[in-house]
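Accompanying notes for the structure given below.
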Amino acid sequence: MNASPVSPDPRRKPVRIGIAGYGAAALAFVPAILAHPGFELVAVAEPIESVCDEAAKALAVAAYASVPAMLAGAQLDAIYIGTPTEMHSVHVLGALAAGKHVLVEKPMAANLDDAKAMVDAAATAGTVFLVGHSHSYDLPIQTMRALISGGTLGRVRMVNTWCYTDWIYRPRRPDELVTGLGGGVTYRQGAHQFDIIRLLCGGKVKSVKARTFDMDPARRAIGAHTVFIDFEDGAAATAVYNGYGGFSSMDLCFDVSEWGFAQPEGARNFARRPLANSNAVSAVDEQAAKRQRGKTAIPGSAPLQPFFGMTLVSCEKGDIRQSPHGLFVYSAEGKQEIKLPADRSPRDLVMAEFYDAITGRAPAIHDGRWGLANLAVCDAAIASSASGREEAALYQVAVHA
Ligand SMILES: NC(=O)c1ccc[n+]([C@@H]2O[C@H](COP(=O)([O-])OP(=O)(O)OC[C@H]3O[C@@H](n4cnc5c(N)ncnc54)[C@H](O)[C@@H]3O)[C@@H](O)[C@H]2O)c1
């Protein structure tokens with residue numbers, strides 16, 4: 001992990017940051033923004049009046065009805081963008097044109113053209129442009145990468161990651177299920193998986209072969225995929241995701257949840273096709289349920305390490321997988337556990353990387369070019385499923401730090 005411990009640069013004023021879109025993703029980021037002493041949260045932009053008022057009260061910051069109004073009215077150095085995916089482009093381009101450092105949610109855009117335009121605009125602006133949170137920030141994944149880079153296990157040859165959830169049946173906005181708007185699991189959850197895989201395998205994907213699945217006529221969307229990824233250096237990976245609320249990959253992960261909580265089978269809040277069985281759920285009710293769920297869905301801290309499904313790394317001289325407290329390493333020396341601290345959440349690590357890049361302490365790994373390459377793998381997987389052929393992944397870059 002290249003992010004330094006949380007210590008602000010004493011020679012600098014705090015980085016004044018605003019939030020664009022006060023929904024589920026933003027609510028998850030607030031604790032990490034407030035916890036980092038190098039940032040000062042000063043404004044929120046949110047078009048739903050009641051939500052905007054709620055944010056102003058809860059955070060004691062200036063609240064604006066739109067992103068342009070916030071950019072014009074609040075003196076910001078940086079902006080976190082958690083608006084719906086198809087809006088990222090206009091919000092990122094506006095913020096970069098105004099000279100702000102930008103942290104945008106994944107997936108960075110709904111299509112490669114928009115994402116490429118953002119990368120070009122960031123280069124012109126000369127400000128920091130980061131794409132996160134993704135689960136490749138999780139400390140166990142970062143530590144896997146450090147172990148691989150250390151070289152004692154030899155070259156990484158295979159990474160296989162499996163995640164089975166209820167993603168499709170959680171309450172959603174309609175656009176979250178539309179592929180062309182960056183919806184469905186290949187964009188939304190593949191963005192995590194491909195980021196993890198590229199980080200562990202060095203970054204440069206050669207080609208992708210995939211099948212995506214839309215399995216519930218009452219809830220049309222890409223809800224599952226199996227993706228085979230070939231890397232330029234001969235490593236290979238698979239990403240399996242199934243969001244149809246049947247099997248849970250917590251059963252493969254010591255009963256630990258995506259956010260690092262013990263959740264034995266009986267204690268899980270797992271949505272098993274509830275919306276498919278009830279056409280009575282209106283879009284308005286569903287969005288109200290989404291907003292309610294978003295208030296508590298992603299806690300700011302957790303006792304155990306986060307598990308985005310099971311990730312098994314195979315190197316020439318050993319294998320690595322997650323344990324509830326860190327990693328298990330299987331090598332000639334037997335099975336060893338590396339325990340990791342649980343005092344910094346994945347989003348704390350995003351804010352640390354953002355701060356380090358803004359202050360020039362360390363370049364960001366998850367910069368715009370990295371996010372573009374992840375999105376290109378999402379695109380290639382969807383294209384491969386449609387064509388039945390192996391597809392090249394565009395815009396690939398190596399891990400540089
Ligand atoms: N990293 C993660 O783990 C994670 C988790 C959830 C969502 N996300 C990402 O975050 C983004 C938002 O998803 P969400 O689930 O939080 O959605 P959401 O609907 O809960 O939140 C989006 C918010 O943006 C607001 N908004 C809409 N138009 C706006 C505009 N023009 N200006 C300002 N605000 C506007 C909405 O009113 C809403 O409050 C998506 O890109 C999604 O992929 C990431």
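Naming works like this for the structure tokens: A, B, ... for the chains as they're shown, residue 1 at the start of each chain, ligands 1 onward in shown order.
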### Query
Which polymer residues have any atom within 12 Å of an atom of Gly223 (chain A), counting only C-alpha atoms, with same-chain residues fewer than 5 positions away left out, as an MDAnalysis selection string?
chainID A and resid 163:170 176:179 183:190 211:217 240:246 382
### Message
With only C-alpha atoms as the counted atoms, please give the residues lying no more than 7 Å from Gly318 (chain A), apart from itself and same-chain residues fewer than 4 positions off, as a ChimeraX atom specification.
### Response
/A:153,314,330-331
### Task
Check region 36-196 of chain A with DSSP on the backbone and list each residue it calls helix (DSSP H, G or I), as a PyMOL selection string.
chain A and resi 49-59+67-73+85-97+112-125+135-137+139-150+167-169+174-177+179-181+185-188+190-196
Proximity of region 104-156 of chain A to region 24-45 of chain A: per-residue shortest pair, 12 Å limit, only C-alpha atoms, as a tab-separated table:
```
residue	atom	partner	partner_atom	distance
A:Val104	CA	A:Ala25	CA	10.5
A:Glu105	CA	A:Ala25	CA	7.8
A:Lys106	CA	A:Ala25	CA	9.9
A:Pro107	CA	A:Ala25	CA	12.0
A:Gly132	CA	A:Phe29	CA	10.3
A:His133	CA	A:Phe29	CA	8.7
A:Ser134	CA	A:Ala25	CA	11.3
```
Please produce a file of those selected residues containing N, CA and C atoms, as a short mmCIF file (atom, residue, chain, number, x, y, z; two decimals), in the first residue's frame.
```cif
data_model
loop_
_atom_site.label_atom_id
_atom_site.label_comp_id
_atom_site.auth_asym_id
_atom_site.auth_seq_id
_atom_site.Cartn_x
_atom_site.Cartn_y
_atom_site.Cartn_z
N VAL A 104 -13.80 10.36 -8.24
CA VAL A 104 -15.09 9.94 -8.79
C VAL A 104 -15.34 8.47 -8.46
N GLU A 105 -16.61 8.16 -8.20
CA GLU A 105 -16.98 6.77 -7.91
C GLU A 105 -16.77 5.86 -9.12
N LYS A 106 -16.66 4.60 -8.84
CA LYS A 106 -16.60 3.60 -9.91
C LYS A 106 -18.02 3.18 -10.27
N PRO A 107 -18.33 2.67 -11.46
CA PRO A 107 -17.44 2.77 -12.61
C PRO A 107 -17.33 4.25 -13.00
N GLY A 132 -12.41 5.83 -7.33
CA GLY A 132 -12.56 4.94 -6.17
C GLY A 132 -13.85 5.30 -5.45
N HIS A 133 -14.28 4.59 -4.53
CA HIS A 133 -13.69 3.41 -3.95
C HIS A 133 -13.88 2.19 -4.84
N SER A 134 -12.89 1.29 -4.83
CA SER A 134 -13.13 -0.06 -5.32
C SER A 134 -12.49 -1.01 -4.31
#
```
### Task
Could you give me, as a PyMOL selection string, the residues within 8 Å of Pro306 (chain A), counting only C-alpha atoms and dropping anything in the same chain fewer than 4 positions from it?
chain A and resi 138+256-261
### Proximity to Val329 (chain A) - best of A:Ala221, A:Leu139, A:Ala56, A:Ile148, only C-alpha atoms
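Closest candidate: A:Ile148.
If you measure from each of A:Met310, A:Cys315, A:Ile141, A:Val284 to Leu340 (chain A) using only C-alpha atoms, the closest one turns out to be A:Ile141.
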### Query
How many Å separate CA of Lys204 (chain A) from CA of Met144 (chain A)?
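A separation of 17.6 Å between them.
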### Exercise: Ala237 (chain A) partners within 6 Å, only C-alpha atoms, chain neighbours under 4 positions left out, as a PyMOL selection string
chain A and resi 158-160+228-229
Dump as a compact mmCIF listing (two decimals), in the first residue's frame, selection limited to C-alpha atoms:
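Written out: part.txt:
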```txt
# COMPACT_ATOMS: atom_id res chain seq x y z
CA MET A 158 -3.53 -17.15 -11.75
CA VAL A 159 -6.05 -15.05 -9.87
CA ASN A 160 -9.54 -16.43 -9.44
CA PHE A 228 -11.70 -15.11 -18.42
CA ILE A 229 -8.88 -12.55 -18.58
```
### Query
Neighbours of Pro68 (chain A) within 10 Å (only C-alpha atoms; same-chain residues fewer than 4 positions away dropped), as a ChimeraX atom specification?
/A:20,45,64,72-73,91,94-95,98
Output C-alpha atoms for every residue in the selection just made, as a CSV table (one decimal), in the first residue's frame.
```
chain,number,residue,atom,x,y,z
A,20,ALA,CA,-21.6,15.9,-5.3
A,45,ALA,CA,-24.5,19.4,-3.9
A,64,TYR,CA,-26.3,23.6,-3.0
A,72,ALA,CA,-19.4,28.6,-8.2
A,73,GLY,CA,-20.3,29.2,-4.6
A,91,HIS,CA,-19.7,16.5,-13.2
A,94,GLY,CA,-17.0,20.6,-14.9
A,95,ALA,CA,-14.9,20.1,-11.8
A,98,ALA,CA,-12.8,24.6,-12.6
```
### Query
Can you tell me, as a list in words, what residues are no more than 7 Å from Leu372 (chain A) when counting only C-alpha atoms, ignoring any on the same chain fewer than 3 positions away?
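Skipping anything fewer than 3 positions along the chain leaves Ala115, Lys116, Gly368, Arg369, Leu375, Ala376 and Tyr395 of chain A.
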### Query
Which of these residues is nearest to Met87 (chain A), using only C-alpha atoms: A:Leu312, A:Met351, A:Leu59, A:Val67?
A:Val67
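A straight line drawn from CA of Ala262 (chain A) to CA of Ala302 (chain A) is 9.5 Å long.
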### Query
Which residue, A:Cys253, A:Phe354, A:Gln263, A:Lys209, has the smallest gap to Val15 (chain A) when you use only C-alpha atoms?
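Selected residue with least distance to Val15 (chain A): A:Phe354.
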### Message
Going by DSSP on the backbone, which residues of region 83-330 of chain A come out as strand (DSSP E)? List them as a VMD selection string.
### Response
chain A and resid 101 to 104 129 to 131 156 to 164 205 to 213 224 to 231 236 to 242 310 to 315 318 to 323 326 to 330
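For the pair CA of Gly180 (chain A) and CA of Lys295 (chain A), the interatomic distance is 27.3 Å.
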### Task
Identify which of the residues A:Asp113, A:Glu286, A:Asp255, A:Asp120 lies closest to ligand 1, counting only C-alpha atoms and all ligand atoms when measuring atom-to-atom distances.
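Checking each of A:Asp113, A:Glu286, A:Asp255, A:Asp120 against ligand 1, counting only C-alpha atoms and all ligand atoms, the winner is A:Glu286.
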